[in-house]
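Just below is one structure, and these are the notes that go with it.
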Amino acid sequence: MNIETLKTIQALRANGQALVRAVDLQSGEELLIDPQDDSSELALAARDAARADKSGPVEIAGRDWFLGVFNPPLDLVIVGAAHIAQPLAAMAGLAGYGVRVIDPRTAFATAARFPGVAISHDWPDDALAKAPLGPRSALVALTHDPKVDDPALATALRSTCFYVGALGSKKTHATRLERLKSHGFDSAALERIRGPVGLAIGARSPAEIAISILAEMTRELRAGNEVGQTSRPRTSS
């Protein structure tokens with residue numbers, strides 16, 4: 001790998017962007033592929049490799065390539081320092097996520113309740129403007145308070161994050177979607193929100209609900225569009 005390629009990879013990863021380095025094993029030709037934006041056959045293979053976090057050889061149109069995956073760290077934004085947030089933060093950390101909790105309610109979002117977790121007491125749209133979501137980001141809204149959850153969800157829908165989830169019943173979620181629709185989001189964009197959040201595994205306790213959320217996040221991260229999720233921001237405006 002030449003020094004310019006290394007500098008490019010480091011800069012993009014620092015900016016939260018995934019990159020795949022493709023090397024032709026016969027000729028030595030080197031390509032840097034953005035797995036989000038390229039749609040060639042080689043890029044589709046690169047996208048699969050990036051999604052799986054797995055480097056390795058592929059054959060494309062009779063040429064042998066080695067795909068080296070350079071993904072930025074996984075990022076989980078938890079909006080609302082609710083009781084579910086504590087086990088979710090701990091489990092996500094074990095799964096390799098950098099976790100940050102956003103909650104303007106200072107009594108809930110404390111270092112004692114979330115040891116080793118980055119905490120912001122800004123309003124979600126302000127916090128996410130300072131540290132934007134990227135393709136390796138997931139956002140889960142847990143407050144049940146539209147003043148807190150809605151700005152976070154709107155920001156997530158305008159981003160390329162791979163997962164957006166929101167706690168609440170089907171009735172609560174339907175009302176939430178109507179509010180967001182009034183802010184210009186179309187049906188395709190709103191379908192990105194997983195609500196009620198988490199896989200339907202019969203979870204009851206905060207820890208079980210956290211497991212269901214992390215399981216759904218993992219499915220979206222690894223399967224992506226294969227299960228109907230898109231990382232593309234889509235609004236009617």
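Numbering starts fresh at 1 for the residues of each chain in the structure tokens, the chains themselves are lettered A, B, ... in the order given, and ligands are numbered from 1 as they appear.
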
Wanna dump the range 79-126 of chain A-range 141-158 of chain A contacts at 12 Å for me, each residue with its shortest atom pair and the distance in Å to one decimal, counting only C-alpha atoms, ordered by chain and number, as a tab-separated table?
```
residue	atom	partner	partner_atom	distance
A:Val79	CA	A:Ala141	CA	4.7
A:Gly80	CA	A:Thr143	CA	4.8
A:Ala81	CA	A:Thr143	CA	7.5
A:Ala82	CA	A:Leu142	CA	6.5
A:His83	CA	A:Leu142	CA	9.1
A:Ile84	CA	A:Leu142	CA	7.8
A:Ala85	CA	A:Leu142	CA	7.5
A:Gln86	CA	A:Leu142	CA	11.3
A:Leu88	CA	A:Leu142	CA	10.9
A:Val101	CA	A:Ala141	CA	10.1
A:Ile102	CA	A:Val148	CA	9.3
A:Asp103	CA	A:Val148	CA	7.7
A:Pro104	CA	A:Val148	CA	8.2
A:Arg105	CA	A:Val148	CA	9.8
A:Phe108	CA	A:Thr143	CA	10.8
A:Ala109	CA	A:Thr143	CA	11.7
A:His121	CA	A:Val148	CA	11.2
A:Asp122	CA	A:Val148	CA	10.1
A:Trp123	CA	A:Val148	CA	6.9
A:Pro124	CA	A:Ala152	CA	5.2
A:Asp125	CA	A:Pro151	CA	5.6
A:Asp126	CA	A:Pro151	CA	9.2
```

- Item | Residue neighbourhood range 160-170 of chain A, 10 Å, only C-alpha atoms, exclusion window fewer than 6 positions, as a ChimeraX atom specification | /A:36,75-79,84,132-144,149-150,152-153,176,190-198,209,213,216-222,224-225,229-234

Using N, CA and C atoms, can you write the selected residues to a file as a compact mmCIF listing (two decimals), in the first residue's frame?
```
# COMPACT_ATOMS: atom_id res chain seq x y z
N GLN A 36 -20.81 2.80 -0.39
CA GLN A 36 -22.13 3.42 -0.35
C GLN A 36 -22.56 3.99 -1.69
N ASP A 75 -21.07 2.86 15.80
CA ASP A 75 -21.49 3.99 16.63
C ASP A 75 -22.96 3.82 17.00
N LEU A 76 -23.26 3.83 18.28
CA LEU A 76 -24.65 3.77 18.74
C LEU A 76 -24.99 5.03 19.51
N VAL A 77 -26.02 5.72 19.05
CA VAL A 77 -26.54 6.89 19.76
C VAL A 77 -27.85 6.48 20.45
N ILE A 78 -27.86 6.58 21.76
CA ILE A 78 -29.06 6.31 22.54
C ILE A 78 -29.63 7.64 22.98
N VAL A 79 -30.83 7.93 22.56
CA VAL A 79 -31.49 9.19 22.92
C VAL A 79 -32.46 8.89 24.05
N ILE A 84 -34.03 1.18 29.97
CA ILE A 84 -33.57 0.26 28.92
C ILE A 84 -32.19 0.68 28.41
N PRO A 132 -21.98 14.15 13.87
CA PRO A 132 -23.00 13.61 12.97
C PRO A 132 -23.02 12.09 12.89
N LEU A 133 -24.17 11.58 12.51
CA LEU A 133 -24.34 10.16 12.24
C LEU A 133 -23.74 9.81 10.89
N GLY A 134 -23.23 8.60 10.78
CA GLY A 134 -22.67 8.13 9.51
C GLY A 134 -23.21 6.76 9.16
N PRO A 135 -22.70 6.14 8.09
CA PRO A 135 -23.20 4.84 7.64
C PRO A 135 -23.01 3.72 8.66
N ARG A 136 -22.11 3.91 9.63
CA ARG A 136 -21.88 2.89 10.65
C ARG A 136 -22.56 3.25 11.96
N SER A 137 -23.48 4.20 11.90
CA SER A 137 -24.19 4.66 13.10
C SER A 137 -25.58 4.04 13.19
N ALA A 138 -26.00 3.82 14.43
CA ALA A 138 -27.38 3.44 14.74
C ALA A 138 -27.91 4.43 15.76
N LEU A 139 -29.20 4.74 15.67
CA LEU A 139 -29.82 5.63 16.64
C LEU A 139 -31.08 4.97 17.20
N VAL A 140 -31.20 5.00 18.53
CA VAL A 140 -32.37 4.45 19.20
C VAL A 140 -32.95 5.52 20.12
N ALA A 141 -34.21 5.87 19.91
CA ALA A 141 -34.89 6.90 20.71
C ALA A 141 -35.75 6.22 21.77
N LEU A 142 -35.55 6.59 23.03
CA LEU A 142 -36.19 5.86 24.13
C LEU A 142 -36.99 6.72 25.10
N THR A 143 -37.13 8.02 24.86
CA THR A 143 -37.70 8.87 25.91
C THR A 143 -39.22 8.86 25.98
N HIS A 144 -39.90 8.55 24.88
CA HIS A 144 -41.37 8.72 24.78
C HIS A 144 -41.77 10.19 24.76
N ASP A 149 -37.39 13.00 21.34
CA ASP A 149 -37.26 11.93 20.34
C ASP A 149 -37.38 12.44 18.91
N ASP A 150 -38.36 13.30 18.64
CA ASP A 150 -38.63 13.70 17.26
C ASP A 150 -37.46 14.40 16.58
N ALA A 152 -34.36 13.99 17.17
CA ALA A 152 -33.35 12.96 16.95
C ALA A 152 -33.71 12.08 15.77
N LEU A 153 -34.96 11.68 15.69
CA LEU A 153 -35.41 10.82 14.59
C LEU A 153 -35.33 11.57 13.26
N ARG A 176 -46.43 9.07 16.15
CA ARG A 176 -45.10 9.60 15.87
C ARG A 176 -44.90 9.79 14.37
N LEU A 190 -40.05 7.21 6.33
CA LEU A 190 -40.59 6.80 7.62
C LEU A 190 -40.50 5.30 7.84
N GLU A 191 -40.46 4.54 6.76
CA GLU A 191 -40.32 3.09 6.89
C GLU A 191 -38.97 2.70 7.47
N ARG A 192 -38.03 3.60 7.47
CA ARG A 192 -36.73 3.30 8.05
C ARG A 192 -36.81 3.16 9.57
N ILE A 193 -37.80 3.77 10.20
CA ILE A 193 -37.88 3.74 11.66
C ILE A 193 -38.44 2.40 12.10
N ARG A 194 -37.68 1.68 12.93
CA ARG A 194 -38.16 0.43 13.51
C ARG A 194 -38.94 0.76 14.78
N GLY A 195 -40.24 0.62 14.68
CA GLY A 195 -41.10 0.93 15.81
C GLY A 195 -42.35 0.06 15.76
N PRO A 196 -42.72 -0.61 16.83
CA PRO A 196 -41.96 -0.66 18.08
C PRO A 196 -40.56 -1.25 17.88
N VAL A 197 -39.61 -0.71 18.60
CA VAL A 197 -38.21 -1.06 18.40
C VAL A 197 -37.92 -2.50 18.83
N GLY A 198 -37.00 -3.13 18.14
CA GLY A 198 -36.52 -4.45 18.54
C GLY A 198 -37.24 -5.59 17.85
N ILE A 209 -35.41 -6.38 26.47
CA ILE A 209 -35.72 -5.41 25.41
C ILE A 209 -34.43 -4.93 24.76
N ILE A 213 -33.33 -5.16 20.80
CA ILE A 213 -32.88 -4.00 20.01
C ILE A 213 -31.53 -4.29 19.37
N GLU A 216 -31.85 -6.66 16.49
CA GLU A 216 -32.39 -6.03 15.29
C GLU A 216 -31.34 -5.15 14.63
N MET A 217 -30.56 -4.44 15.43
CA MET A 217 -29.46 -3.64 14.88
C MET A 217 -28.47 -4.52 14.13
N THR A 218 -28.14 -5.67 14.72
CA THR A 218 -27.19 -6.58 14.09
C THR A 218 -27.73 -7.10 12.76
N ARG A 219 -29.01 -7.44 12.73
CA ARG A 219 -29.62 -7.90 11.49
C ARG A 219 -29.54 -6.84 10.41
N GLU A 220 -29.83 -5.60 10.77
CA GLU A 220 -29.78 -4.52 9.78
C GLU A 220 -28.35 -4.23 9.33
N LEU A 221 -27.42 -4.28 10.28
CA LEU A 221 -26.01 -4.04 9.94
C LEU A 221 -25.51 -5.08 8.96
N ARG A 222 -25.81 -6.33 9.20
CA ARG A 222 -25.25 -7.41 8.39
C ARG A 222 -26.06 -7.70 7.14
N GLY A 224 -28.65 -5.49 5.85
CA GLY A 224 -28.91 -4.25 5.13
C GLY A 224 -30.18 -4.30 4.31
N ASN A 225 -30.06 -3.97 3.02
CA ASN A 225 -31.23 -3.89 2.14
C ASN A 225 -31.91 -5.24 1.94
N GLN A 229 -34.23 -2.64 4.68
CA GLN A 229 -33.77 -1.39 5.25
C GLN A 229 -32.89 -0.67 4.25
N THR A 230 -32.93 0.63 4.26
CA THR A 230 -32.03 1.41 3.42
C THR A 230 -31.32 2.42 4.27
N SER A 231 -30.05 2.67 3.94
CA SER A 231 -29.30 3.68 4.68
C SER A 231 -29.39 5.04 4.02
N ARG A 232 -30.14 5.12 2.93
CA ARG A 232 -30.21 6.39 2.21
C ARG A 232 -31.23 7.33 2.84
N PRO A 233 -30.86 8.59 3.06
CA PRO A 233 -31.84 9.55 3.56
C PRO A 233 -32.84 9.90 2.46
N ARG A 234 -34.14 9.83 2.79
CA ARG A 234 -35.15 10.16 1.78
C ARG A 234 -36.26 10.98 2.43
```

- Message: Could you pull out the helix (DSSP H, G or I) residues of chain A, going by DSSP on the backbone, and write them as a PyMOL selection string?
- Response: chain A and resi 3-14+41-52+85-94+124-130+146-157+170-181+187-190+206-227

- Hey, what does DSSP flag as strand (DSSP E) within range 1-191 of chain A? Can you give it to me as a PyMOL selection string? chain A and resi 19-24+30-33+56-60+63-70+74-79+97-102+118-120+137-141+163-166

- Query: Can you tell me, as a PyMOL selection string, what residues are no more than 8 Å from Tyr97 in chain A when counting only C-alpha atoms, ignoring any on the same chain fewer than 3 positions away?
  - Reply: chain A and resi 73-76+92-94

Could the residues in this selection be written to a file with C-alpha atoms, as a compact mmCIF listing (two decimals), in the first residue's frame?
```
# COMPACT_ATOMS: atom_id res chain seq x y z
CA PRO A 73 -15.92 2.04 14.32
CA LEU A 74 -19.55 1.19 14.96
CA ASP A 75 -21.49 3.99 16.63
CA LEU A 76 -24.65 3.77 18.74
CA ALA A 92 -23.58 -2.58 22.66
CA GLY A 93 -20.17 -1.82 24.11
CA LEU A 94 -19.45 -5.55 24.32
```

- Task: Kindly give the distance, in Å, that separates CA of Arg13 in chain A and CA of Pro72 in chain A, rounded to a single decimal.
- Result: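 CA of Pro72 in chain A lies at a distance of 5.0 Å from CA of Arg13 in chain A.
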
- Item | Test item: residues at most 8 Å from range 51-62 of chain A, only C-alpha atoms, excluding those fewer than 3 positions along its chain, as JSON, numbers by chain | {"A": [41, 42, 45, 47, 48, 65, 66, 67, 68, 69, 71, 221, 222, 223, 224]}

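When CA of Ala127 in chain A is paired with CA of Ser182 in chain A, their separation reads 23.1 Å.
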